[in-house]
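For reference, final-v6.txt (compact mmCIF, C-alpha atoms):
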```txt
# COMPACT_ATOMS: atom_id res chain seq x y z
CA MET A 1 -26.49 76.02 30.01
CA PHE A 2 -28.02 73.84 27.26
CA SER A 3 -24.75 73.48 25.43
CA VAL A 4 -22.88 72.48 28.62
CA ALA A 5 -25.51 69.84 29.50
CA ALA A 6 -25.35 68.46 25.98
CA LEU A 7 -21.58 68.22 26.27
CA PHE A 8 -21.79 66.28 29.57
CA LEU A 9 -24.41 63.95 28.04
CA LEU A 10 -22.15 63.26 25.05
CA VAL A 11 -19.20 62.44 27.35
CA LEU A 12 -21.41 60.12 29.44
CA VAL A 13 -22.72 58.24 26.38
CA THR A 14 -19.17 57.85 25.04
CA GLN A 15 -17.97 56.37 28.35
CA VAL A 16 -20.90 53.93 28.48
CA LEU A 17 -20.21 52.76 24.94
CA ALA A 18 -16.50 52.38 25.71
CA THR A 19 -17.18 50.13 28.70
CA SER A 20 -20.06 48.07 27.22
CA VAL A 21 -18.88 47.36 23.65
CA PRO A 22 -15.83 45.06 23.42
CA ILE A 23 -13.14 45.89 20.93
CA LEU A 24 -12.98 43.02 18.44
CA PRO A 25 -9.52 41.93 17.27
CA ILE A 26 -8.75 42.43 13.62
CA GLU A 27 -8.79 39.06 11.89
CA PRO A 28 -5.74 38.39 9.74
CA PRO A 29 -6.53 38.24 6.04
CA PHE A 30 -7.23 34.78 4.61
CA PRO A 31 -4.10 33.47 2.81
CA GLN A 32 -4.39 34.28 -0.85
CA PRO A 33 -3.86 31.62 -3.53
CA CYS A 34 -1.52 32.06 -6.48
CA CYS A 35 -2.22 31.87 -10.18
CA TYR A 36 0.39 29.97 -12.15
CA GLY A 37 -0.34 29.30 -15.79
CA ASP A 38 -3.85 27.88 -16.00
CA LYS A 39 -4.02 26.59 -12.43
CA THR A 40 -4.60 28.02 -8.96
CA VAL A 41 -2.29 26.97 -6.12
CA LYS A 42 -3.07 27.35 -2.40
CA SER A 43 -0.78 29.40 -0.19
CA GLY A 44 2.03 27.21 1.18
CA GLU A 45 1.88 24.68 -1.65
CA VAL A 46 4.67 23.99 -4.11
CA VAL A 47 4.08 25.45 -7.57
CA LEU A 48 7.09 23.94 -9.30
CA SER A 49 10.26 22.11 -8.27
CA PHE A 50 13.71 22.42 -9.77
CA GLN A 51 15.40 19.53 -8.02
CA ARG A 52 18.62 19.76 -10.04
CA SER A 53 19.02 23.34 -8.80
CA CYS A 54 17.68 22.54 -5.31
CA PHE A 55 14.93 25.14 -5.19
CA GLN A 56 11.16 25.33 -5.51
CA LEU A 57 8.62 27.93 -6.49
CA VAL A 58 6.15 28.19 -3.61
CA CYS A 59 2.91 30.13 -3.25
CA ASP A 60 3.25 32.62 -0.39
CA ASN A 61 -0.01 34.51 0.20
CA GLY A 62 -0.66 35.38 -3.42
CA LYS A 63 2.96 35.62 -4.54
CA VAL A 64 5.11 32.91 -6.12
CA VAL A 65 8.49 32.98 -4.36
CA ARG A 66 11.67 30.90 -4.45
CA ARG A 67 12.49 28.51 -1.62
CA TYR A 68 16.00 27.04 -1.54
CA LEU A 69 17.22 23.88 0.12
CA GLY A 70 20.50 24.88 1.71
CA GLU A 71 22.41 27.76 0.16
CA PRO A 72 21.67 29.19 -3.29
CA GLY A 73 23.87 27.45 -5.81
CA MET A 74 23.47 23.96 -4.32
CA LYS A 75 22.77 21.40 -7.04
CA ASP A 76 21.47 17.87 -7.57
CA CYS A 77 18.75 17.31 -4.99
CA CYS A 78 15.90 14.79 -4.92
CA GLU A 79 12.18 15.37 -4.52
CA PHE A 80 9.34 13.29 -3.15
CA ASP A 81 5.83 14.46 -2.31
CA GLY A 82 6.79 18.13 -2.59
CA GLN A 83 9.80 17.81 -0.27
CA LEU A 84 13.40 18.34 -1.41
CA TYR A 85 16.27 16.21 -0.10
CA GLU A 86 20.00 16.82 -0.28
CA GLU A 87 22.33 14.30 -1.89
CA ALA A 88 22.76 11.24 0.40
CA ASP A 89 19.85 12.27 2.70
CA PHE A 90 17.55 9.47 3.86
CA LEU A 91 13.77 9.36 3.62
CA THR A 92 12.94 7.40 6.78
CA SER A 93 9.34 8.22 7.70
CA HIS A 94 7.85 5.53 5.45
CA CYS A 95 7.68 1.73 5.28
CA MET A 96 11.01 1.61 3.47
CA THR A 97 14.15 3.68 3.84
CA LEU A 98 15.20 5.43 0.64
CA GLN A 99 18.36 7.43 0.03
CA CYS A 100 18.72 10.46 -2.23
CA ARG A 101 21.24 9.73 -4.96
CA ALA A 102 20.52 12.40 -7.54
CA LEU A 103 23.48 11.42 -9.71
CA VAL A 104 22.88 7.66 -9.47
CA GLY A 105 20.08 6.25 -11.56
CA THR A 106 19.93 2.84 -9.91
CA ARG A 107 18.15 1.13 -7.07
CA ARG A 108 19.58 -2.25 -6.27
CA THR A 109 17.91 -3.32 -3.06
CA LEU A 110 14.71 -3.66 -1.11
CA SER A 111 14.48 -2.93 2.60
CA GLN A 112 11.56 -2.49 4.97
CA ASN A 113 11.44 -0.71 8.29
CA ALA A 114 10.77 -3.27 11.01
CA VAL A 115 7.99 -1.16 12.52
CA SER A 116 5.75 -1.51 9.44
CA SER A 117 3.05 -4.16 9.29
CA HIS A 118 2.76 -6.56 6.39
CA CYS A 119 -0.13 -8.33 4.63
CA ALA A 120 0.34 -10.98 1.94
CA VAL A 121 -2.02 -12.46 -0.66
CA TYR A 122 -0.63 -15.33 -2.70
CA ASN A 123 -1.39 -18.30 -4.95
CA ASP A 124 -5.05 -19.43 -5.04
CA PRO A 125 -5.40 -17.36 -2.75
CA HIS A 126 -4.06 -17.59 0.77
CA PHE A 127 -4.17 -14.53 3.04
CA ASN A 128 -1.84 -13.47 5.83
CA SER A 129 -3.29 -10.48 7.65
CA PHE A 130 -1.51 -7.39 8.99
CA ASP A 131 -1.79 -8.91 12.47
CA GLY A 132 -0.54 -12.33 11.38
CA TYR A 133 -3.67 -14.46 10.92
CA ASN A 134 -3.70 -16.99 8.03
CA TYR A 135 -6.87 -17.97 6.16
CA ASP A 136 -8.22 -18.92 2.71
CA PHE A 137 -10.96 -17.25 0.70
CA HIS A 138 -11.92 -18.04 -2.89
CA GLY A 139 -14.21 -15.22 -3.95
CA VAL A 140 -14.24 -14.15 -7.60
CA CYS A 141 -15.13 -10.47 -7.26
CA ASN A 142 -13.38 -7.19 -6.51
CA TYR A 143 -12.61 -6.73 -2.80
CA SER A 144 -10.98 -4.17 -0.53
CA LEU A 145 -7.73 -5.57 0.82
CA ALA A 146 -6.95 -2.53 2.96
CA GLN A 147 -8.81 0.77 2.99
CA LYS A 148 -9.38 3.76 5.20
CA GLY A 149 -12.79 3.50 6.85
CA PRO A 150 -15.84 1.38 5.94
CA THR A 151 -17.06 3.58 3.09
CA HIS A 152 -17.47 2.27 -0.46
CA TYR A 153 -15.59 5.35 -1.69
CA PRO A 154 -12.39 5.57 0.39
CA GLU A 155 -9.74 8.18 -0.33
CA LEU A 156 -7.03 5.59 0.33
CA GLY A 157 -7.02 1.87 -0.34
CA VAL A 158 -5.73 -1.29 -2.00
CA PHE A 159 -8.26 -3.35 -3.97
CA ALA A 160 -8.00 -6.67 -5.80
CA ASP A 161 -9.92 -8.48 -8.52
CA PHE A 162 -9.95 -12.28 -8.32
CA GLU A 163 -10.93 -14.70 -11.07
CA LYS A 164 -11.66 -18.43 -11.12
CA CYS A 165 -8.69 -20.79 -11.39
CA PHE A 166 -8.25 -24.54 -10.90
CA GLY A 167 -11.99 -25.08 -10.79
CA GLN A 168 -12.83 -24.32 -7.16
CA ALA A 169 -10.16 -21.74 -6.30
CA SER A 170 -9.53 -18.15 -7.40
CA CYS A 171 -6.39 -16.27 -8.37
CA LEU A 172 -5.37 -12.63 -8.34
CA SER A 173 -6.25 -10.86 -11.60
CA HIS A 174 -5.84 -7.10 -11.10
CA THR A 175 -4.76 -4.87 -8.23
CA THR A 176 -5.69 -1.21 -7.75
CA PHE A 177 -3.84 1.17 -5.44
CA ARG A 178 -5.51 4.47 -4.53
CA ASN A 179 -2.73 6.50 -2.92
CA ASP A 180 -4.89 9.62 -2.67
CA PRO A 181 -8.08 10.95 -4.29
CA HIS A 182 -6.11 11.98 -7.39
CA THR A 183 -3.83 8.95 -7.84
CA VAL A 184 -5.13 5.53 -8.91
CA ILE A 185 -2.67 2.87 -10.09
CA THR A 186 -3.72 -0.44 -11.66
CA LEU A 187 -1.52 -3.53 -12.01
CA SER A 188 -2.23 -6.73 -13.92
CA ASN A 189 -1.22 -10.15 -12.64
CA GLY A 190 -0.24 -11.22 -16.15
CA ASP A 191 2.17 -8.35 -16.84
CA VAL A 192 4.40 -7.02 -14.10
CA THR A 193 6.26 -4.50 -16.27
CA GLU A 194 3.40 -2.17 -17.24
CA ILE A 195 1.02 -0.28 -14.99
CA LEU A 196 -1.83 2.17 -15.49
CA VAL A 197 -1.67 5.57 -13.78
CA ASN A 198 -5.12 7.18 -13.75
CA GLY A 199 -5.93 4.96 -16.73
CA HIS A 200 -2.82 5.92 -18.73
CA PRO A 201 -0.14 3.28 -19.53
CA PHE A 202 3.22 3.76 -17.82
CA ASP A 203 6.10 1.47 -18.75
CA LEU A 204 8.79 0.53 -16.24
CA THR A 205 11.30 -0.37 -18.92
CA GLN A 206 14.59 0.11 -17.07
CA ARG A 207 15.30 -2.49 -14.41
CA GLU A 208 17.46 -0.32 -12.16
CA LYS A 209 15.53 2.95 -12.28
CA VAL A 210 13.18 4.49 -9.73
CA TYR A 211 10.31 6.20 -11.55
CA ALA A 212 8.27 9.15 -10.32
CA LEU A 213 4.84 8.26 -11.68
CA GLN A 214 3.05 10.56 -14.09
CA SER A 215 -0.22 10.49 -15.98
CA ALA A 216 -1.32 12.57 -18.95
CA ASP A 217 -2.63 15.30 -16.68
CA ASN A 218 -0.44 15.30 -13.58
CA CYS A 219 2.57 14.12 -11.58
CA HIS A 220 1.78 11.80 -8.69
CA PRO A 221 3.43 11.29 -5.26
CA VAL A 222 4.24 7.62 -5.90
CA LEU A 223 7.59 6.05 -6.78
CA ALA A 224 7.79 2.77 -8.69
CA TRP A 225 10.52 0.32 -9.62
CA ARG A 226 11.01 -3.22 -10.80
CA SER A 227 11.94 -5.32 -7.81
CA PRO A 228 14.52 -8.08 -7.76
CA TRP A 229 14.50 -10.38 -4.77
CA GLY A 230 17.08 -13.00 -3.91
CA HIS A 231 18.83 -14.06 -7.13
CA ALA A 232 15.76 -14.00 -9.38
CA ASP A 233 14.99 -11.65 -12.23
CA PRO A 234 13.08 -8.46 -11.33
CA ARG A 235 9.62 -9.85 -12.01
CA CYS A 236 7.92 -7.74 -9.37
CA ILE A 237 6.90 -4.08 -9.14
CA THR A 238 7.17 -1.98 -5.98
CA LEU A 239 4.94 1.07 -5.47
CA PHE A 240 6.07 3.53 -2.79
CA GLY A 241 3.24 5.93 -1.94
CA SER A 242 3.16 9.21 -0.07
CA SER A 243 0.24 7.65 1.83
CA ARG A 244 2.81 5.49 3.69
CA ILE A 245 1.49 2.42 1.95
CA VAL A 246 3.92 0.27 -0.06
CA LEU A 247 2.94 -2.49 -2.47
CA GLN A 248 5.06 -5.22 -4.00
CA HIS A 249 3.19 -6.92 -6.84
CA CYS A 250 4.50 -10.17 -8.32
CA ALA A 251 3.09 -12.77 -10.68
CA HIS A 252 1.56 -14.90 -7.91
CA ARG A 253 1.92 -12.73 -4.83
CA LEU A 254 0.88 -9.30 -3.56
CA ASP A 255 2.42 -7.76 -0.43
CA VAL A 256 1.02 -4.66 1.27
CA PHE A 257 3.14 -2.79 3.83
CA ALA A 258 1.46 -0.27 6.14
CA HIS A 259 3.19 2.32 8.31
CA PRO A 260 2.16 2.42 12.02
CA ALA A 261 0.49 5.76 11.30
CA HIS A 262 -2.35 3.63 9.88
CA VAL A 263 -2.93 1.60 13.06
CA ASP A 264 -6.67 1.22 13.74
CA ASN A 265 -7.48 2.93 10.43
CA LEU A 266 -7.17 0.15 7.83
CA ASP A 267 -9.73 -2.58 7.19
CA GLY A 268 -10.45 -5.16 4.51
CA LEU A 269 -9.33 -8.67 3.64
CA CYS A 270 -5.95 -7.85 5.22
CA GLY A 271 -7.79 -7.62 8.53
CA HIS A 272 -8.35 -4.81 11.01
CA TYR A 273 -4.83 -3.43 11.46
CA ASN A 274 -4.28 -2.83 15.19
CA ASP A 275 -1.77 -5.49 16.33
CA HIS A 276 -4.60 -7.56 17.88
CA VAL A 277 -5.54 -10.63 15.86
CA ALA A 278 -8.86 -11.30 17.65
CA ASP A 279 -10.76 -8.64 15.68
CA ASP A 280 -9.11 -9.28 12.31
CA PHE A 281 -12.42 -10.43 10.83
CA THR A 282 -14.16 -7.06 11.22
CA SER A 283 -16.75 -6.61 8.48
CA ARG A 284 -17.57 -3.44 6.60
CA GLY A 285 -20.59 -3.02 8.88
CA GLY A 286 -18.50 -3.37 12.06
CA THR A 287 -19.45 -6.96 12.94
CA VAL A 288 -16.52 -8.99 14.29
CA PHE A 289 -16.78 -12.52 12.89
CA PRO A 290 -15.08 -15.47 14.62
CA LEU A 291 -11.69 -16.45 13.23
CA ASN A 292 -11.62 -19.57 11.06
CA THR A 293 -9.71 -20.98 8.10
CA PHE A 294 -12.49 -20.59 5.51
CA PRO A 295 -14.44 -17.41 6.38
CA LEU A 296 -17.42 -16.20 4.37
CA GLY A 297 -19.36 -13.33 5.95
CA PHE A 298 -16.28 -11.26 6.78
CA PRO A 299 -14.57 -11.27 3.34
CA THR A 300 -17.85 -11.00 1.41
CA SER A 301 -18.67 -7.77 3.26
CA TRP A 302 -15.62 -6.18 1.67
CA ARG A 303 -16.87 -6.50 -1.90
CA THR A 304 -16.56 -3.14 -3.63
CA ASN A 305 -19.09 -1.27 -5.75
CA SER A 306 -16.75 -1.55 -8.75
CA GLN A 307 -17.25 -5.00 -10.28
CA SER A 308 -16.29 -6.33 -13.72
CA ASN A 309 -18.18 -9.59 -13.09
CA SER A 310 -21.94 -8.95 -13.37
CA MET A 311 -22.63 -11.80 -10.91
CA CYS A 312 -20.80 -9.80 -8.24
CA GLN A 313 -23.28 -6.93 -8.50
CA ALA A 314 -26.17 -9.05 -7.22
CA PRO A 315 -26.82 -9.59 -3.50
CA CYS A 316 -24.92 -12.57 -2.11
CA ARG A 317 -27.46 -14.97 -0.59
CA GLY A 318 -26.23 -16.90 2.41
CA CYS A 319 -22.99 -14.94 2.52
CA ASN A 320 -23.63 -13.72 6.05
CA LEU A 321 -22.55 -17.09 7.49
CA ASP A 322 -19.39 -17.24 9.57
CA SER A 323 -17.64 -19.79 7.37
CA THR A 324 -17.85 -22.04 4.34
CA GLU A 325 -16.67 -25.59 3.61
CA ASN A 326 -13.14 -26.63 2.74
CA PRO A 327 -13.16 -27.18 -1.05
CA CYS A 328 -10.46 -29.86 -0.74
CA THR A 329 -12.16 -33.27 -0.58
CA ALA A 330 -9.11 -35.54 -0.98
CA SER A 331 -8.84 -38.83 0.89
CA PRO A 332 -6.42 -39.21 3.82
CA TYR A 333 -4.08 -41.21 1.59
CA GLU A 334 -4.10 -38.49 -1.07
CA LEU A 335 -3.49 -35.79 1.53
CA LYS A 336 -0.50 -37.73 2.87
CA THR A 337 0.90 -37.97 -0.67
CA TYR A 338 0.52 -34.21 -1.16
CA ARG A 339 2.14 -33.51 2.21
CA ASP A 340 5.09 -35.74 1.31
CA HIS A 341 5.59 -33.73 -1.90
CA CYS A 342 5.34 -30.43 -0.02
CA ASN A 343 7.70 -31.47 2.76
CA LYS A 344 10.26 -32.55 0.20
CA ALA A 345 9.91 -29.25 -1.69
CA ILE A 346 9.86 -26.62 1.07
CA TYR A 347 10.41 -28.06 4.57
CA HIS A 348 14.17 -27.47 4.34
CA LEU A 349 13.40 -23.81 3.57
CA VAL A 350 11.05 -23.15 6.51
CA ASN A 351 12.70 -25.50 9.01
CA ASP A 352 14.44 -22.61 10.78
CA TYR A 353 11.29 -20.44 10.71
CA PRO A 354 8.52 -22.20 12.68
CA HIS A 355 6.11 -19.32 12.15
CA LEU A 356 6.29 -20.02 8.39
CA HIS A 357 5.40 -23.72 8.64
CA PHE A 358 1.84 -22.87 7.57
CA HIS A 359 3.19 -22.70 4.01
CA ILE A 360 3.32 -26.51 4.07
CA ASP A 361 -0.42 -26.66 4.78
CA ASP A 362 -0.99 -24.10 2.02
CA CYS A 363 1.03 -26.27 -0.34
CA VAL A 364 -1.03 -29.38 0.51
CA PHE A 365 -4.24 -27.46 -0.15
CA ASP A 366 -2.94 -26.18 -3.51
CA LEU A 367 -1.96 -29.64 -4.73
CA CYS A 368 -5.35 -30.98 -3.64
CA ILE A 369 -7.22 -28.32 -5.61
CA ILE A 370 -5.04 -28.76 -8.70
CA ALA A 371 -5.44 -32.55 -8.60
CA ALA A 372 -9.23 -32.25 -8.42
CA TYR A 373 -9.19 -29.89 -11.41
CA ASN A 374 -6.52 -31.53 -13.56
CA ASP A 375 -4.46 -34.38 -12.14
CA SER A 376 -1.35 -33.56 -14.17
CA TYR A 377 2.20 -34.32 -13.09
CA VAL A 378 3.37 -31.27 -15.05
CA ASP A 379 0.88 -28.98 -13.30
CA HIS A 380 1.95 -30.32 -9.89
CA ASN A 381 5.63 -29.72 -10.57
CA ASN A 382 5.09 -26.27 -12.06
CA TRP A 383 2.96 -25.21 -9.10
CA LEU A 384 5.49 -26.61 -6.63
CA GLN A 385 8.11 -24.34 -8.20
CA ILE A 386 5.79 -21.37 -7.76
CA ILE A 387 5.24 -22.35 -4.12
CA ILE A 388 9.00 -22.59 -3.56
CA ASN A 389 9.41 -19.04 -4.89
CA ILE A 390 6.56 -17.79 -2.68
CA VAL A 391 8.20 -19.33 0.40
CA LYS A 392 11.58 -17.82 -0.48
CA MET A 393 9.93 -14.40 -0.70
CA ALA A 394 8.27 -14.91 2.70
CA ILE A 395 11.66 -15.74 4.21
CA HIS A 396 13.18 -12.70 2.50
CA PHE A 397 10.55 -10.39 3.97
CA HIS A 398 10.96 -11.94 7.42
CA ILE A 399 14.73 -11.43 7.37
CA ASN A 400 14.33 -7.79 6.38
CA THR A 401 11.49 -6.90 8.76
CA GLU A 402 10.51 -8.71 11.96
CA GLY A 403 13.51 -11.02 11.69
CA ASN A 404 15.87 -8.12 12.40
CA THR A 405 15.88 -5.54 15.15
CA ASP A 406 17.65 -3.08 12.85
CA THR A 407 16.58 -1.90 9.43
CA THR A 408 18.69 -3.88 7.01
CA THR A 409 19.05 -4.08 3.29
CA GLU A 410 19.45 -7.13 1.14
CA ASP A 411 21.19 -6.47 -2.16
CA ALA A 412 20.34 -8.47 -5.25
CA GLN A 413 23.74 -10.12 -4.91
CA THR A 414 24.95 -9.51 -1.34
CA THR A 415 23.68 -8.35 2.05
CA THR A 416 24.82 -5.03 3.47
CA GLN A 417 23.95 -2.90 6.49
CA SER A 418 23.77 0.40 4.61
CA PRO A 419 20.45 1.25 2.92
CA ASP A 420 20.84 1.23 -0.84
CA ASN A 421 17.42 2.22 -2.16
CA TYR A 422 17.95 5.29 -4.32
CA PHE A 423 15.48 7.90 -5.47
CA GLN A 424 15.93 11.06 -7.53
```
Translate this file's structure into structure tokens.
Amino acid sequence: MFSVAALFLLVLVTQVLATSVPILPIEPPFPQPCCYGDKTVKSGEVVLSFQRSCFQLVCDNGKVVRRYLGEPGMKDCCEFDGQLYEEADFLTSHCMTLQCRALVGTRRTLSQNAVSSHCAVYNDPHFNSFDGYNYDFHGVCNYSLAQKGPTHYPELGVFADFEKCFGQASCLSHTTFRNDPHTVITLSNGDVTEILVNGHPFDLTQREKVYALQSADNCHPVLAWRSPWGHADPRCITLFGSSRIVLQHCAHRLDVFAHPAHVDNLDGLCGHYNDHVADDFTSRGGTVFPLNTFPLGFPTSWRTNSQSNSMCQAPCRGCNLDSTENPCTASPYELKTYRDHCNKAIYHLVNDYPHLHFHIDDCVFDLCIIAAYNDSYVDHNNWLQIIINIVKMAIHFHINTEGNTDTTTEDAQTTTQSPDNYFQ
């Protein structure tokens, strides 16, 4: 009898446990990384690309396997940011449209997608924000032009160093582009043919080549090329980042193009990018300053922690004010003289573009500042030529972005409707 009772008790306990203890699902194993040489690669990441043979080595849960684009045997593909592209395919999800031409080592044109927003910094310096507000600021420190979030250590951003010029103004000295935490590119205003990639020199020697940037320790998801515009020599450099930020850096002008994916996520001297101009003057601390031509508190808040000028490391007293004074103190007669010069030089260029008429006011300001510093006929004429080039570039960008409903391409010699930016 004891053994039968024990058996019934065992069955009862088993049934109770079966109904009261849930059966937990078996968790799938965590994807295993791969070892390749002296580095470890996460599962799903590209280990190595063979773009000429159109395949990649990819880490697949601890094993390095081949992944082909198309059928095995296909040749001559392009690669950007770990993605392979067939010959003649278009890369369209960025600020510019590029075309894969694996067998063509040239890039002859510059085109922007009309949906991208555009910020410009030029001359001494004037700012045109992502949302289209124009203002002047003459700080002589390092500032964030556009960065992700208010932090002093953003993973993505464009930063600029300004130095004193013409006495009371400031001019662009160096520009730094952080495409990602592992890619930092530095450009100098005095030399637009050499850049630094993570501190290592990289020469863009060939005018018609698109370069995939490299440093001593790594390859980086940024393309670079020397940029002709209009009929001028290629005295600009374009940086095309996987971050969907594009820079064009010229001797007296810097243009930053941001993809709509960055809406409401970029701040700095280029303004709060959200297609609403009213909050363009959003400070690092979140204060929205009133819009004005000569702001102070807003731009000063975007000083960075990386300063080459020791004066910029000290607290800025009185810099929390909304605005500062206009440094141009010319008489009405002098201002009329400057305006006559500027109208003669550039009005015929902007006449058909009313939204670009502010360049005439910028020109008047520049001549005023130069005259106060050094009233030289030669300096006036030389600067007027620079202003003319700046205005031509502004017209060029307008024609190829908001001035067209379709994405167009302007060749260095002619204009065509087929994109002609090549990458390999």
List as a list in words the protein and nucleic acid residues near His249 (chain A), meaning an atom at most 8 Å away when all atoms listed in the file are counted, but skip any in the same chain fewer than 4 places from it. Leu187, Asn189, Val192, Cys236, Ile237, Thr238, Arg253, Leu254 and Asp255 of chain A
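Of note, CA of Asn61 (chain A) and CA of Phe30 (chain A) are spaced 8.5 Å apart.
Note that the spacing between CA of Ser170 (chain A) and CA of Pro201 (chain A) amounts to 26.4 Å.
Comparing the minimum interatomic distances between Tyr338 (chain A) and each of A:His380, A:Asp322, A:Gln313, A:Ser227, counting all atoms listed in the file, we find that A:His380 sits nearest.
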Write out as an MDAnalysis selection string which residues come within 10 Å of Asn274 (chain A) when counting all atoms listed in the file, dropping same-chain ones fewer than 4 positions away. chainID A and resid 117 130:131 260 262:267 278:280
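Relative to CA of Ser323 (chain A), CA of Pro290 (chain A) is found at 8.8 Å.
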Give me the residues of region 171-224 of chain A that have any atom at most 12 Å from an atom of region 119-126 of chain A; for each, the nearest atom pair and the distance in Å, rounded to one decimal. Use only C-alpha atoms, sort by chain and number, and format it as JSON lines.
```
{"residue": "A:Cys171", "atom": "CA", "partner": "A:Asp124", "partner_atom": "CA", "distance": 4.8}
{"residue": "A:Leu172", "atom": "CA", "partner": "A:Pro125", "partner_atom": "CA", "distance": 7.3}
{"residue": "A:Ser173", "atom": "CA", "partner": "A:Asp124", "partner_atom": "CA", "distance": 10.9}
{"residue": "A:Thr175", "atom": "CA", "partner": "A:Val121", "partner_atom": "CA", "distance": 11.1}
{"residue": "A:Asn189", "atom": "CA", "partner": "A:Asn123", "partner_atom": "CA", "distance": 11.2}
```
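Residue nearest Arg67 (chain A) within the list A:Leu84, A:Val288, A:Ala251, A:Leu223: A:Leu84 [criterion: smallest interatomic distance, only C-alpha atoms].
For Ile370 (chain A), the non-local neighbours within 12 Å, defined as residues at least 6 positions apart in the same chain or in other chains and counting only C-alpha atoms, are A:Asn123, A:Asp124, A:Cys165, A:Phe166, A:Gly167, A:Gln168, A:Ala169, A:Ser170, A:Pro327, A:Cys328, A:Thr329, A:Ala330, A:Tyr338, A:Cys363, A:Val364, A:Ser376, A:Tyr377, A:Val378, A:Asp379, A:His380, A:Asn381, A:Asn382, A:Trp383, A:Leu384.
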